[in-house]
Every structure is written in structure tokens, then in C-alpha cells.
Amino acid sequence: MYTLVLIRHGECVSNQPKTLLENHEEDVLTLKGCTQAERTGQALKPFLVERSFKLYSSTLVRAKLSAEIIKNEVNSLMEVNYDERLIEKNLEESYEEAFRRFNDFVGDVISKDNDQNLFLIVTHGNLIQSVIGNILEAKDCSIIEVTNCGISVVTDRRLWACNMILHLVGVL
């Protein structure tokens, strides 16, 4: 049995209204996004204390920064593992293709870390939509709301929580 704690990165510059960036790969967090990531780490810390887990992140800057901030709140000595398969769904990719990429990542991580059963994954909204949509067999994954630093929990391909945001009151 394994549990995946899926976390969307904090608010970044391109998430703000009327903001266009040429290079989304280098998109950085706003001050609000940093605060969201701090609050997420603080909210997760009591759940994670005395538990063994691994932290993974997309290789894109906004997710990496969010993962580092969360790590510093939870356990500053732990390592963040980066994987390109956790990047956001690109325009040419369907939600199903994005889910297959994510599923390949999960299969590799679980088989490599077979003694581990808890994984925190900092990634992107549309990739989380693809995971939740696949579990729920949704016809349109884009209708699934995934807030910046919202937390979703999947255990053995069962959705236990979707887009939890109570920890973000005051910084949404």
C-alpha cells in the first residue's frame, strides 16, 4: 500500500491575472506563492512527524521553489528528488498521456523504494487534474479544481482527499 500526497506549486508570476510570460519553465513564485508553500509545509508537518517519506518535485522552477520551502518547514535536512516526468502537461499532450507519464514515474518510484510507502509530490495543476480525472474516470479533467498549494491524497489509486486548502485561509 502506498500514499501519494499531491501538492500543486505555489502561486507564480504567470498565475496572476493579465500576466504573459514567454518562458513558463523559468516562472518564479510570487510572495503569495512563497507564503502558500510555507503554510503547506506547516500544515503537513504534524502529519509527517515520525513518519518516513520521500519528497519529489517537478524540475520546473516554480515547483522546485515550492518543494524547497515545504521541505524547510517539514524537515530541512531531507532531500528533494527531482523528476522531469512531474512537469506540467504540455499543449500537445492529452490528459491521458500526462497520466501515463505520471503513472510511469509512480511505478518506478514504488519499485525502487519498495520499503517506502509515503510520497510527497510537488507538481502542477494540470498533471494533478490528469491523476484525479483518471481515478474518477472523468470525461473532462479540466473541470477539476486544483488550487495553488492545494493538497490531494491518493492511496492505492483511490482518491482520499482533493484540493484541501483550509491551511491557505488568508493567502488564497
# chains A, B, ... in the order shown; residues from 1 in each chain; ligands from 1
$ residues_around --residues "range 39-53 of chain A" --least-positions-apart "3" --cutoff "10 Å" --atoms "only C-alpha atoms" --output "JSON, numbers by chain"
{"A": [3, 4, 5, 7, 9, 10, 33, 34, 35, 36, 56, 66, 67, 68, 69, 70, 71, 72, 73, 74, 75, 78, 115, 116, 117, 118, 119, 120, 149, 150, 151, 165, 166, 167, 168, 169, 171]}
$ select_by_dssp --residues "range 94-128 of chain A" --states "strand (DSSP E or B)" --output "list in words"
Leu118, Phe119, Leu120, Ile121, Val122 and Thr123 of chain A
$ atom_distance --atom1 "CA of Lys64 in chain A" --atom2 "CA of Asn126 in chain A"
16.5 Å
$ residues_around --residues "Thr155 in chain A" --least-positions-apart "3" --cutoff "8 Å" --atoms "only C-alpha atoms" --output "PyMOL selection string"
chain A and resi 1-4+158-160
$ select_by_dssp --residues "range 4-170 of chain A" --states "helix (DSSP H, G or I)" --output "PDB file with C-alpha atoms, in the first residue's frame"
ATOM      1  CA  VAL A  13       4.022  35.121 -11.786  1.00  0.00           C
ATOM      2  CA  SER A  14       2.079  33.562 -14.689  1.00  0.00           C
ATOM      3  CA  ASN A  15      -0.812  32.632 -12.349  1.00  0.00           C
ATOM      4  CA  HIS A  24       6.992  29.281 -18.353  1.00  0.00           C
ATOM      5  CA  GLU A  25       9.856  26.956 -17.414  1.00  0.00           C
ATOM      6  CA  GLU A  26      11.561  29.787 -15.519  1.00  0.00           C
ATOM      7  CA  LEU A  31       5.475  36.446  -2.424  1.00  0.00           C
ATOM      8  CA  LYS A  32       1.972  34.999  -2.017  1.00  0.00           C
ATOM      9  CA  GLY A  33       3.191  31.719  -3.563  1.00  0.00           C
ATOM     10  CA  CYS A  34       6.070  31.534  -1.071  1.00  0.00           C
ATOM     11  CA  THR A  35       3.621  32.093   1.793  1.00  0.00           C
ATOM     12  CA  GLN A  36       1.315  29.383   0.394  1.00  0.00           C
ATOM     13  CA  ALA A  37       4.224  26.905   0.279  1.00  0.00           C
ATOM     14  CA  GLU A  38       5.232  27.805   3.860  1.00  0.00           C
ATOM     15  CA  ARG A  39       1.680  27.247   5.077  1.00  0.00           C
ATOM     16  CA  THR A  40       1.539  23.929   3.223  1.00  0.00           C
ATOM     17  CA  GLY A  41       4.712  22.721   4.904  1.00  0.00           C
ATOM     18  CA  GLN A  42       3.406  23.863   8.288  1.00  0.00           C
ATOM     19  CA  ALA A  43       0.106  22.050   7.701  1.00  0.00           C
ATOM     20  CA  LEU A  44       1.837  18.830   6.646  1.00  0.00           C
ATOM     21  CA  LYS A  45       4.444  18.784   9.425  1.00  0.00           C
ATOM     22  CA  PRO A  46       2.209  17.300  12.172  1.00  0.00           C
ATOM     23  CA  PHE A  47       1.050  14.595   9.767  1.00  0.00           C
ATOM     24  CA  LEU A  48       4.615  13.749   8.747  1.00  0.00           C
ATOM     25  CA  VAL A  61      11.404  26.358 -11.149  1.00  0.00           C
ATOM     26  CA  ARG A  62       8.032  27.162  -9.523  1.00  0.00           C
ATOM     27  CA  ALA A  63       7.639  23.570  -8.308  1.00  0.00           C
ATOM     28  CA  LYS A  64      11.270  23.310  -7.204  1.00  0.00           C
ATOM     29  CA  LEU A  65      10.977  26.503  -5.157  1.00  0.00           C
ATOM     30  CA  SER A  66       7.715  25.305  -3.598  1.00  0.00           C
ATOM     31  CA  ALA A  67       9.264  21.927  -2.727  1.00  0.00           C
ATOM     32  CA  GLU A  68      12.284  23.588  -1.092  1.00  0.00           C
ATOM     33  CA  ILE A  69      10.059  25.850   1.016  1.00  0.00           C
ATOM     34  CA  ILE A  70       7.851  22.903   2.056  1.00  0.00           C
ATOM     35  CA  LYS A  71      10.965  20.851   2.873  1.00  0.00           C
ATOM     36  CA  ASN A  72      12.334  23.637   5.068  1.00  0.00           C
ATOM     37  CA  GLU A  73       9.088  23.725   7.046  1.00  0.00           C
ATOM     38  CA  VAL A  74       8.852  19.940   7.432  1.00  0.00           C
ATOM     39  CA  GLU A  84      11.078  15.555 -15.348  1.00  0.00           C
ATOM     40  CA  ARG A  85       8.043  13.280 -15.567  1.00  0.00           C
ATOM     41  CA  LEU A  86       6.382  15.541 -12.995  1.00  0.00           C
ATOM     42  CA  TYR A  95      -4.644  14.359 -20.056  1.00  0.00           C
ATOM     43  CA  GLU A  96      -4.415  10.602 -20.642  1.00  0.00           C
ATOM     44  CA  GLU A  97      -0.838  10.929 -21.954  1.00  0.00           C
ATOM     45  CA  ALA A  98       0.104  13.098 -18.968  1.00  0.00           C
ATOM     46  CA  PHE A  99      -1.397  10.487 -16.639  1.00  0.00           C
ATOM     47  CA  ARG A 100       0.605   7.696 -18.314  1.00  0.00           C
ATOM     48  CA  ARG A 101       3.797   9.724 -17.804  1.00  0.00           C
ATOM     49  CA  PHE A 102       2.888  10.233 -14.137  1.00  0.00           C
ATOM     50  CA  ASN A 103       1.991   6.564 -13.747  1.00  0.00           C
ATOM     51  CA  ASP A 104       5.408   5.579 -15.158  1.00  0.00           C
ATOM     52  CA  PHE A 105       7.021   7.793 -12.530  1.00  0.00           C
ATOM     53  CA  VAL A 106       4.938   6.220  -9.736  1.00  0.00           C
ATOM     54  CA  GLY A 107       5.759   2.699 -10.934  1.00  0.00           C
ATOM     55  CA  ASP A 108       9.483   3.465 -10.963  1.00  0.00           C
ATOM     56  CA  VAL A 109       9.464   5.179  -7.561  1.00  0.00           C
ATOM     57  CA  ILE A 110       7.460   2.463  -5.839  1.00  0.00           C
ATOM     58  CA  SER A 111       9.550  -0.356  -7.299  1.00  0.00           C
ATOM     59  CA  LYS A 112      12.813   1.479  -6.443  1.00  0.00           C
ATOM     60  CA  GLY A 125      -2.274  21.684 -11.570  1.00  0.00           C
ATOM     61  CA  ASN A 126      -2.959  20.037 -14.902  1.00  0.00           C
ATOM     62  CA  LEU A 127      -0.908  16.962 -14.022  1.00  0.00           C
ATOM     63  CA  ILE A 128      -2.857  16.612 -10.764  1.00  0.00           C
ATOM     64  CA  GLN A 129      -6.068  17.057 -12.785  1.00  0.00           C
ATOM     65  CA  SER A 130      -4.978  14.160 -15.007  1.00  0.00           C
ATOM     66  CA  VAL A 131      -4.343  11.904 -11.985  1.00  0.00           C
ATOM     67  CA  ILE A 132      -7.616  12.733 -10.238  1.00  0.00           C
ATOM     68  CA  GLY A 133      -9.534  12.628 -13.515  1.00  0.00           C
ATOM     69  CA  ASN A 134      -8.165   9.181 -14.288  1.00  0.00           C
ATOM     70  CA  ILE A 135      -9.111   7.855 -10.854  1.00  0.00           C
ATOM     71  CA  LEU A 136     -12.614   9.315 -11.144  1.00  0.00           C
ATOM     72  CA  CYS A 141     -10.241  16.620 -16.419  1.00  0.00           C
ATOM     73  CA  SER A 142     -10.101  20.387 -16.874  1.00  0.00           C
ATOM     74  CA  ILE A 143     -13.193  20.856 -14.678  1.00  0.00           C
ATOM     75  CA  LEU A 166      -8.004  25.099   4.660  1.00  0.00           C
ATOM     76  CA  HIS A 167      -4.363  25.726   5.524  1.00  0.00           C
ATOM     77  CA  LEU A 168      -4.374  28.559   2.955  1.00  0.00           C
TER      78      LEU A 168
END
$ closest_residue --among "A:Ser58, A:Asp156, A:Asn90, A:Ser76" --to "Arg8 in chain A" --atoms "only C-alpha atoms"
A:Ser58
$ closest_residue --among "A:Leu60, A:Lys54, A:Glu11, A:Ser94" --to "Leu77 in chain A" --atoms "only C-alpha atoms"
A:Lys54
$ closest_residue --among "A:Val122, A:Ser152, A:Arg157, A:Val28" --to "Glu137 in chain A" --atoms "only C-alpha atoms"
A:Arg157
$ atom_distance --atom1 "CA of Glu88 in chain A" --atom2 "CA of Asp113 in chain A"
23.8 Å
$ atom_distance --atom1 "CA of Leu6 in chain A" --atom2 "CA of His124 in chain A"
9.1 Å
$ decode --residues "range 43-141 of chain A" --atoms "C-alpha atoms" --output "compact mmCIF listing (two decimals), in the first residue's frame"
# COMPACT_ATOMS: atom_id res chain seq x y z
CA ALA A 43 0.11 22.05 7.70
CA LEU A 44 1.84 18.83 6.65
CA LYS A 45 4.44 18.78 9.43
CA PRO A 46 2.21 17.30 12.17
CA PHE A 47 1.05 14.59 9.77
CA LEU A 48 4.61 13.75 8.75
CA VAL A 49 6.38 13.87 12.11
CA GLU A 50 7.82 10.46 12.97
CA ARG A 51 6.84 9.11 9.52
CA SER A 52 9.21 8.04 6.82
CA PHE A 53 8.51 9.66 3.45
CA LYS A 54 10.21 10.91 0.31
CA LEU A 55 9.73 14.28 -1.35
CA TYR A 56 9.64 14.56 -5.14
CA SER A 57 9.23 17.61 -7.35
CA SER A 58 8.86 18.65 -10.93
CA THR A 59 12.02 20.10 -12.44
CA LEU A 60 10.30 23.40 -13.29
CA VAL A 61 11.40 26.36 -11.15
CA ARG A 62 8.03 27.16 -9.52
CA ALA A 63 7.64 23.57 -8.31
CA LYS A 64 11.27 23.31 -7.20
CA LEU A 65 10.98 26.50 -5.16
CA SER A 66 7.72 25.30 -3.60
CA ALA A 67 9.26 21.93 -2.73
CA GLU A 68 12.28 23.59 -1.09
CA ILE A 69 10.06 25.85 1.02
CA ILE A 70 7.85 22.90 2.06
CA LYS A 71 10.96 20.85 2.87
CA ASN A 72 12.33 23.64 5.07
CA GLU A 73 9.09 23.72 7.05
CA VAL A 74 8.85 19.94 7.43
CA ASN A 75 12.47 18.76 7.71
CA SER A 76 15.25 20.95 6.35
CA LEU A 77 17.72 18.05 6.32
CA MET A 78 15.74 15.91 3.89
CA GLU A 79 16.48 15.69 0.19
CA VAL A 80 14.19 16.84 -2.61
CA ASN A 81 14.23 14.43 -5.56
CA TYR A 82 13.54 15.98 -8.97
CA ASP A 83 11.95 14.18 -11.89
CA GLU A 84 11.08 15.56 -15.35
CA ARG A 85 8.04 13.28 -15.57
CA LEU A 86 6.38 15.54 -12.99
CA ILE A 87 6.39 18.62 -15.25
CA GLU A 88 3.10 20.14 -16.32
CA LYS A 89 1.01 18.74 -19.17
CA ASN A 90 2.15 20.41 -22.36
CA LEU A 91 -0.24 21.70 -25.02
CA GLU A 92 0.38 18.77 -27.39
CA GLU A 93 -0.26 16.22 -24.65
CA SER A 94 -3.67 14.84 -23.69
CA TYR A 95 -4.64 14.36 -20.06
CA GLU A 96 -4.42 10.60 -20.64
CA GLU A 97 -0.84 10.93 -21.95
CA ALA A 98 0.10 13.10 -18.97
CA PHE A 99 -1.40 10.49 -16.64
CA ARG A 100 0.60 7.70 -18.31
CA ARG A 101 3.80 9.72 -17.80
CA PHE A 102 2.89 10.23 -14.14
CA ASN A 103 1.99 6.56 -13.75
CA ASP A 104 5.41 5.58 -15.16
CA PHE A 105 7.02 7.79 -12.53
CA VAL A 106 4.94 6.22 -9.74
CA GLY A 107 5.76 2.70 -10.93
CA ASP A 108 9.48 3.47 -10.96
CA VAL A 109 9.46 5.18 -7.56
CA ILE A 110 7.46 2.46 -5.84
CA SER A 111 9.55 -0.36 -7.30
CA LYS A 112 12.81 1.48 -6.44
CA ASP A 113 11.71 2.46 -2.94
CA ASN A 114 9.71 -0.65 -2.07
CA ASP A 115 10.32 -0.08 1.64
CA GLN A 116 8.77 3.39 1.35
CA ASN A 117 5.01 3.93 1.28
CA LEU A 118 4.53 7.69 1.62
CA PHE A 119 5.49 10.13 -1.13
CA LEU A 120 5.03 13.92 -1.24
CA ILE A 121 4.91 15.13 -4.83
CA VAL A 122 5.08 18.83 -5.73
CA THR A 123 3.87 19.26 -9.27
CA HIS A 124 1.47 21.21 -11.49
CA GLY A 125 -2.27 21.68 -11.57
CA ASN A 126 -2.96 20.04 -14.90
CA LEU A 127 -0.91 16.96 -14.02
CA ILE A 128 -2.86 16.61 -10.76
CA GLN A 129 -6.07 17.06 -12.78
CA SER A 130 -4.98 14.16 -15.01
CA VAL A 131 -4.34 11.90 -11.98
CA ILE A 132 -7.62 12.73 -10.24
CA GLY A 133 -9.53 12.63 -13.52
CA ASN A 134 -8.17 9.18 -14.29
CA ILE A 135 -9.11 7.85 -10.85
CA LEU A 136 -12.61 9.32 -11.14
CA GLU A 137 -12.90 8.32 -14.81
CA ALA A 138 -13.82 11.91 -15.63
CA LYS A 139 -14.65 12.77 -19.23
CA ASP A 140 -13.18 16.28 -18.82
CA CYS A 141 -10.24 16.62 -16.42
